[in-house]
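Dumped final.txt below, it's compact mmCIF, C-alpha atoms:
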# COMPACT_ATOMS: atom_id res chain seq x y z
CA ARG A 93 3.87 97.68 158.32
CA GLN A 94 5.74 98.98 155.30
CA HIS A 95 7.02 96.67 152.57
CA LEU A 96 10.56 97.20 151.39
CA GLY A 97 11.64 94.71 148.75
CA ALA A 98 11.33 91.16 150.01
CA GLY A 99 11.24 92.20 153.68
CA GLN A 100 8.98 94.20 155.90
CA LEU A 101 9.80 97.00 158.28
CA ASP A 102 7.71 97.96 161.26
CA VAL A 103 7.33 101.74 160.95
CA SER A 104 5.58 103.71 163.68
CA GLU A 105 5.48 107.22 165.10
CA LEU A 106 6.25 108.72 161.68
CA LYS A 107 6.43 112.50 161.92
CA THR A 108 7.42 114.91 159.15
CA VAL A 109 8.76 118.35 159.97
CA THR A 110 8.41 120.93 157.20
CA GLY A 111 11.80 122.23 156.15
CA GLY A 112 13.58 119.69 158.33
CA GLY A 113 12.98 116.05 157.64
CA LEU A 114 11.29 113.11 159.24
CA ILE A 115 11.46 111.09 162.42
CA ALA A 116 10.18 107.55 162.77
CA VAL A 117 10.60 104.43 164.81
CA ILE A 118 11.63 101.66 162.43
CA ASP A 119 11.91 98.14 163.82
CA GLY A 120 12.37 99.64 167.28
CA HIS A 121 15.11 102.11 166.25
CA THR A 122 14.59 105.87 166.19
CA VAL A 123 15.54 107.11 162.71
CA VAL A 124 15.96 110.77 161.80
CA ILE A 125 16.45 111.72 158.14
CA GLY A 126 16.74 115.22 156.73
CA ALA A 127 18.65 118.46 156.58
CA PRO A 128 21.92 118.36 158.54
CA GLU A 129 20.77 121.07 160.96
CA PHE A 130 17.57 119.14 161.69
CA VAL A 131 19.39 115.85 162.25
CA ARG A 132 22.22 117.46 164.26
CA GLU A 133 19.69 118.94 166.73
CA ARG A 134 18.58 115.40 167.54
CA SER A 135 21.79 113.35 167.16
CA LEU A 136 25.53 113.13 167.75
CA CYS A 137 27.69 113.58 164.70
CA GLY A 138 31.32 112.87 163.76
CA ASP A 139 33.55 115.62 162.32
CA HIS A 140 33.88 113.94 158.91
CA PHE A 141 30.21 114.64 158.19
CA PHE A 142 30.81 118.38 158.65
CA ALA A 143 33.76 118.33 156.22
CA GLN A 144 31.60 116.51 153.68
CA LEU A 145 28.80 119.05 154.22
CA ASP A 146 31.00 121.99 153.21
CA GLY A 147 32.37 120.19 150.16
CA TRP A 148 28.96 119.20 148.89
CA THR A 149 27.09 122.46 149.44
CA THR A 150 29.70 124.59 147.68
CA ARG A 151 29.26 122.33 144.62
CA GLY A 152 25.45 122.69 144.69
CA ILE A 153 24.75 119.29 146.27
CA THR A 154 22.06 119.22 148.96
CA PRO A 155 23.17 117.04 151.87
CA VAL A 156 20.80 114.68 153.67
CA TRP A 157 21.87 113.04 156.91
CA VAL A 158 20.56 109.82 158.43
CA ALA A 159 20.76 109.15 162.17
CA VAL A 160 19.84 105.95 163.96
CA ASP A 161 19.31 105.89 167.71
CA GLY A 162 20.83 109.32 168.27
CA ARG A 163 23.96 109.02 166.11
CA VAL A 164 24.50 110.13 162.51
CA ARG A 165 25.26 106.95 160.56
CA GLY A 166 25.28 108.12 156.98
CA SER A 167 24.64 110.80 154.43
CA PHE A 168 23.76 111.21 150.82
CA GLY A 169 23.55 114.14 148.44
CA LEU A 170 20.84 115.32 146.09
CA GLN A 171 21.61 117.45 143.08
CA ASP A 172 19.49 118.97 140.37
CA ASN A 173 21.31 119.63 137.14
CA LEU A 174 20.40 122.87 135.43
CA ARG A 175 18.93 122.52 132.00
CA SER A 176 21.31 123.58 129.25
CA GLU A 177 19.17 126.61 128.37
CA ALA A 178 18.70 127.85 131.97
CA ARG A 179 21.41 130.51 131.95
CA ALA A 180 20.29 131.85 128.56
CA CYS A 181 16.70 132.01 129.84
CA VAL A 182 17.78 134.02 132.90
CA GLU A 183 19.84 136.35 130.72
CA ALA A 184 16.87 136.86 128.36
CA LEU A 185 14.63 137.79 131.30
CA GLN A 186 17.26 140.22 132.59
CA ASN A 187 17.64 141.75 129.11
CA ASP A 188 13.87 142.32 129.10
CA GLY A 189 14.17 144.29 132.36
CA PHE A 190 13.26 141.58 134.88
CA THR A 191 15.19 141.07 138.11
CA VAL A 192 15.67 137.35 138.68
CA GLU A 193 16.05 136.06 142.24
CA ILE A 194 16.19 132.63 143.82
CA LEU A 195 14.23 132.06 147.04
CA SER A 196 14.77 128.52 148.25
CA GLY A 197 14.52 126.44 151.36
CA ASP A 198 17.68 124.64 150.28
CA HIS A 199 20.99 125.16 152.06
CA PRO A 200 22.26 128.71 151.41
CA ALA A 201 25.58 127.48 149.96
CA VAL A 202 23.71 125.24 147.51
CA VAL A 203 21.57 128.17 146.37
CA GLN A 204 24.68 130.35 145.95
CA ALA A 205 26.33 127.64 143.81
CA ILE A 206 23.26 127.40 141.55
CA GLY A 207 23.07 131.20 141.35
CA ARG A 208 26.70 131.37 140.20
CA GLN A 209 25.92 128.87 137.44
CA LEU A 210 23.06 131.13 136.34
CA GLY A 211 25.19 134.28 136.50
CA LEU A 212 23.18 135.81 139.35
CA PRO A 213 24.69 138.11 142.00
CA ALA A 214 24.99 136.52 145.44
CA GLU A 215 22.50 138.95 147.00
CA GLN A 216 19.80 137.68 144.62
CA CYS A 217 20.24 134.05 145.74
CA ARG A 218 18.63 133.40 149.12
CA GLY A 219 18.76 129.94 150.63
CA GLY A 220 17.35 128.65 153.88
CA GLN A 221 14.09 130.49 153.24
CA SER A 222 10.99 129.42 155.15
CA PRO A 223 7.54 129.75 153.57
CA GLU A 224 7.09 132.91 155.68
CA ASP A 225 10.42 134.32 154.44
CA LYS A 226 9.38 133.76 150.82
CA LEU A 227 6.03 135.43 151.43
CA ALA A 228 7.70 138.45 153.04
CA VAL A 229 10.04 138.90 150.05
CA ILE A 230 7.14 138.64 147.58
CA GLU A 231 5.08 141.15 149.57
CA SER A 232 8.01 143.59 149.79
CA HIS A 233 8.31 143.87 146.01
CA GLY A 234 5.92 145.50 143.55
CA SER A 235 4.79 143.34 140.66
CA VAL A 236 6.19 139.84 141.02
CA VAL A 237 6.08 136.67 138.97
CA MET A 238 6.79 133.69 141.24
CA VAL A 239 7.58 130.19 140.01
CA GLY A 240 7.40 127.33 142.49
CA ASP A 241 6.77 123.63 142.90
CA GLY A 242 6.40 122.85 146.60
CA VAL A 243 3.99 123.20 149.48
CA ASN A 244 6.44 125.72 150.97
CA ASP A 245 5.90 127.95 147.90
CA SER A 246 2.10 128.08 148.18
CA ALA A 247 1.69 131.29 150.20
CA ALA A 248 4.21 133.18 148.05
CA LEU A 249 2.59 131.92 144.84
CA ALA A 250 -0.82 133.10 146.06
CA ALA A 251 0.58 136.53 147.02
CA ALA A 252 2.53 137.06 143.77
CA THR A 253 1.08 139.18 140.99
CA VAL A 254 1.35 136.02 138.88
CA GLY A 255 2.04 132.65 140.54
CA ILE A 256 3.27 129.86 138.27
CA ALA A 257 3.36 126.24 139.45
CA VAL A 258 5.46 123.78 137.50
CA HIS A 259 4.56 120.27 136.43
CA GLY A 260 5.06 117.73 139.18
CA GLY A 261 4.49 120.30 141.90
CA ALA A 262 2.71 119.62 145.17
CA GLU A 263 -1.07 119.83 145.04
CA ALA A 264 -1.20 122.79 147.46
CA CYS A 265 1.24 124.63 145.20
CA LEU A 266 -0.87 123.92 142.11
CA SER A 267 -4.00 125.17 143.87
CA ALA A 268 -2.33 128.42 144.98
CA ALA A 269 -0.89 129.32 141.58
CA ASP A 270 -2.55 131.36 138.85
CA VAL A 271 -0.88 129.33 136.11
CA PHE A 272 0.14 125.66 135.86
CA VAL A 273 2.96 124.82 133.41
CA ARG A 274 3.38 121.29 132.10
Produce structure tokens that represent the structure in this file.
Amino acid sequence: RQHLGAGQLDVSELKTVTGGGLIAVIDGHTVVIGAPEFVRERSLCGDHFFAQLDGWTTRGITPVWVAVDGRVRGSFGLQDNLRSEARACVEALQNDGFTVEILSGDHPAVVQAIGRQLGLPAEQCRGGQSPEDKLAVIESHGSVVMVGDGVNDSAALAAATVGIAVHGGAEACLSAADVFVR
């Protein structure tokens, strides 16, 4: 039993799927929460959710869909705001001869929107990347500095010339990195 505010929910059969989302039975209802592609594979969905998806991702908002008993019932968006100095930091790295790329598991359109804000060319902003994809990119380059914060970054951080994990990162990520930044 999981406590939620004043009430309790009976949660069973909880399964997380890396890069997708989670599936659980909650009070007898099958609930799927996660990336739209993940939820859509397991549920029916109305057209208005697809229109919302395009609008959000092009603005850098990561969509999350919620399905109950095989039908998408709702959605919400997650957005990270760039720090005010982020673009200047990227430009400074580029001026020092570094090539800056984004490798992310986030929706490709979200990654492209963030890349535009940072002044990066589209080809240097890769979304929808699996942990294996990230590792392959790192291994295909020469000397690489990789910065990451999630479990899905661990293999690439370990393979990078210098792997940097950021504060608040997953424990596996912190263990794989050469450097931990607070």
Would you write out, as CSV, a table of all residues in stretch 129-221 of chain A that have an atom no more than 12 Å from an atom of stretch 248-255 of chain A, listing for each the closest atom pair and the distance in Å to one decimal, considering only C-alpha atoms and ordering rows by chain and rising residue number?
residue,atom,partner,partner_atom,distance
A:Leu195,CA,A:Ala248,CA,10.1
A:Ser196,CA,A:Ala248,CA,11.5
A:Gln221,CA,A:Ala248,CA,11.5
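When only C-alpha atoms are used to compute distances to A:Val237, the closest of the residues A:Val158, A:Ala143, A:Val192, A:Gln186 turns out to be A:Val192.
Of the listed residues (A:Gly112, A:Gly197, A:Gly138, A:Gly211), A:Gly197 comes nearest to A:Gly240; the distances count only C-alpha atoms.
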- request: Kindly indicate which residue among A:Val156, A:Ala116, A:Val229, A:Val273 lies nearest to A:Phe142, using only C-alpha atoms for the distances.
  value: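 Using only C-alpha atoms, A:Phe142 sits closest to A:Val156.
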message: Excluding A:Ile118 and its own-chain neighbours fewer than 2 positions away, which residues fall within 6 Å of it when counting all atoms listed in the file? Please give them as a PyMOL selection string.
response: chain A and resi 102-103+120-121
Might you pull out every residue within 7 Å of stretch 205-207 of chain A, with only C-alpha atoms counted and same-chain residues fewer than 5 positions away left off, and present them as a PDB file with C-alpha atoms, keeping the file's coordinate frame?
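Wrote it out as out24.pdb, contents follow:
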ATOM      1  CA  THR A 150      29.700 124.590 147.680  1.00  0.00           C
ATOM      2  CA  ARG A 151      29.260 122.330 144.620  1.00  0.00           C
ATOM      3  CA  GLY A 152      25.450 122.690 144.690  1.00  0.00           C
ATOM      4  CA  LEU A 212      23.180 135.810 139.350  1.00  0.00           C
ATOM      5  CA  ALA A 214      24.990 136.520 145.440  1.00  0.00           C
ATOM      6  CA  CYS A 217      20.240 134.050 145.740  1.00  0.00           C
TER       7      CYS A 217
END
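Every residue within 7 Å of the file position (19.3, 118.7, 142.7), judged by all atoms listed in the file, is given as A:Ile153, A:Thr154, A:Leu170, A:Gln171, A:Asp172, A:Asn173.
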Could you write out that same residue set with C-alpha atoms as a short mmCIF file (atom, residue, chain, number, x, y, z; two decimals), in the frame of the given file?
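Contents of again03.cif, freshly written:
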data_model
loop_
_atom_site.label_atom_id
_atom_site.label_comp_id
_atom_site.auth_asym_id
_atom_site.auth_seq_id
_atom_site.Cartn_x
_atom_site.Cartn_y
_atom_site.Cartn_z
CA ILE A 153 24.75 119.29 146.27
CA THR A 154 22.06 119.22 148.96
CA LEU A 170 20.84 115.32 146.09
CA GLN A 171 21.61 117.45 143.08
CA ASP A 172 19.49 118.97 140.37
CA ASN A 173 21.31 119.63 137.14
#
message: Calculated over all atoms listed in the file, which of the candidates A:Asp198, A:Leu174, A:Asp188, A:Ile115 has the smallest distance to A:Ala159?
response: A:Ile115
field: Between atom CA of A:Ser104 and atom CA of A:Glu133, distance in Å (one decimal)
entry: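 Atom CA of A:Glu133 lies at a distance of 21.0 Å from atom CA of A:Ser104.
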message: Using Å and a single decimal, report how far atom CA of A:Ser222 sits from atom CA of A:Phe141.
response: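 Rounded to one decimal, the two atoms are 24.4 Å apart.
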task: Mind giving me the straight-line distance from atom CA of A:Gly126 to atom CA of A:Gly147 in Å, one decimal?
output: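 Separation between atom CA of A:Gly126 and atom CA of A:Gly147: 17.7 Å.
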